[in-house]
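One structure is given below, encoded as structure tokens.
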Amino acid sequence: MTFLPSCHDVQTHLTEYAEGSLPFGRRLGIWIHLRLCRACARFLRGMKALPEWAKRVLAPPAEAPEAAARALAEVQAALSRRPRS
Ligand SMILES: [Zn+2]
């Protein structure tokens, strides 16, 4: 699956993501990444004075919440099938 961004991509584009200036597909990939990656979730939490946009970051993309939930479930299923290294 290639739509999931890397940790570097997520951390580099977090502000644009929060502002909603990224295309839907990229926002969805980052949203899913933030739910699967402890490092990036910690990075997000580490931004201390969480501004108003952070609340929006933590919410599913408004355009298609069921598509986001389905994509997240597929990624989690794929990861659970993959042996841990
Ligand atoms: Zn990450």
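Numbering starts fresh at 1 for the residues of each chain in the structure tokens, the chains themselves are lettered A, B, ... in the order given, and ligands are numbered from 1 as they appear.
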Give me, as a tab-separated table, each residue of chain A that comes within 6 Å of ligand 1, together with its shortest interatomic pair and the distance in Å at one decimal, counting only C-alpha atoms and all ligand atoms, with rows ordered by chain and rising residue number.
```
residue	atom	partner	partner_atom_place_in_ligand_line	distance
A:Cys7	CA	ligand 1	1 (Zn)	3.5
A:Cys37	CA	ligand 1	1 (Zn)	4.6
A:Ala39	CA	ligand 1	1 (Zn)	5.4
A:Cys40	CA	ligand 1	1 (Zn)	4.2
```
Write out, as a PDB file, in the first residue's frame, the residues just selected, with C-alpha atoms.
```
ATOM      1  CA  CYS A   7       6.883   9.484   9.487  1.00  0.00           C
ATOM      2  CA  CYS A  37       2.270   5.250  14.567  1.00  0.00           C
ATOM      3  CA  ALA A  39       6.074   8.108  17.296  1.00  0.00           C
ATOM      4  CA  CYS A  40       3.995  10.511  15.225  1.00  0.00           C
TER       5      CYS A  40
END
```
Who sits within 12 Å of His13 of chain A, only C-alpha atoms, same chain under 6 positions skipped, as number ranges by chain: A: 5-7, 19-23, 26-27, 29-31, 40, 44, 57
Nearest residue to Ala67 of chain A from the set A:Leu79, A:Ile32, A:Val10, A:Ala41 (distances using only C-alpha atoms):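 Ranking A:Leu79, A:Ile32, A:Val10, A:Ala41 by distance to Ala67 of chain A, first place goes to A:Ile32.
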Atomic distance atom CA of Gly25 of chain A - atom CA of Asp9 of chain A, expressed in Å with one decimal: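 Separation of atom CA of Gly25 of chain A and atom CA of Asp9 of chain A: 13.6 Å.
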Close residues, Val75 of chain A itself excluded, 10 Å, only C-alpha atoms, min 5 positions apart in chain, as a ChimeraX atom specification: /A:1,4,32-33,36,69-70,80-81
One-decimal distance in Å that lies between atom CA of Glu66 of chain A and atom CA of Ala18 of chain A: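 Interatomic distance, atom CA of Ala18 of chain A to atom CA of Glu66 of chain A: 19.7 Å.
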Nearest to Ala68 of chain A, chosen from A:Arg38, A:Phe3, A:Leu28, A:Gln11, with only C-alpha atoms counted in the distances: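 The shortest atom-to-atom distance to Ala68 of chain A comes from A:Leu28.
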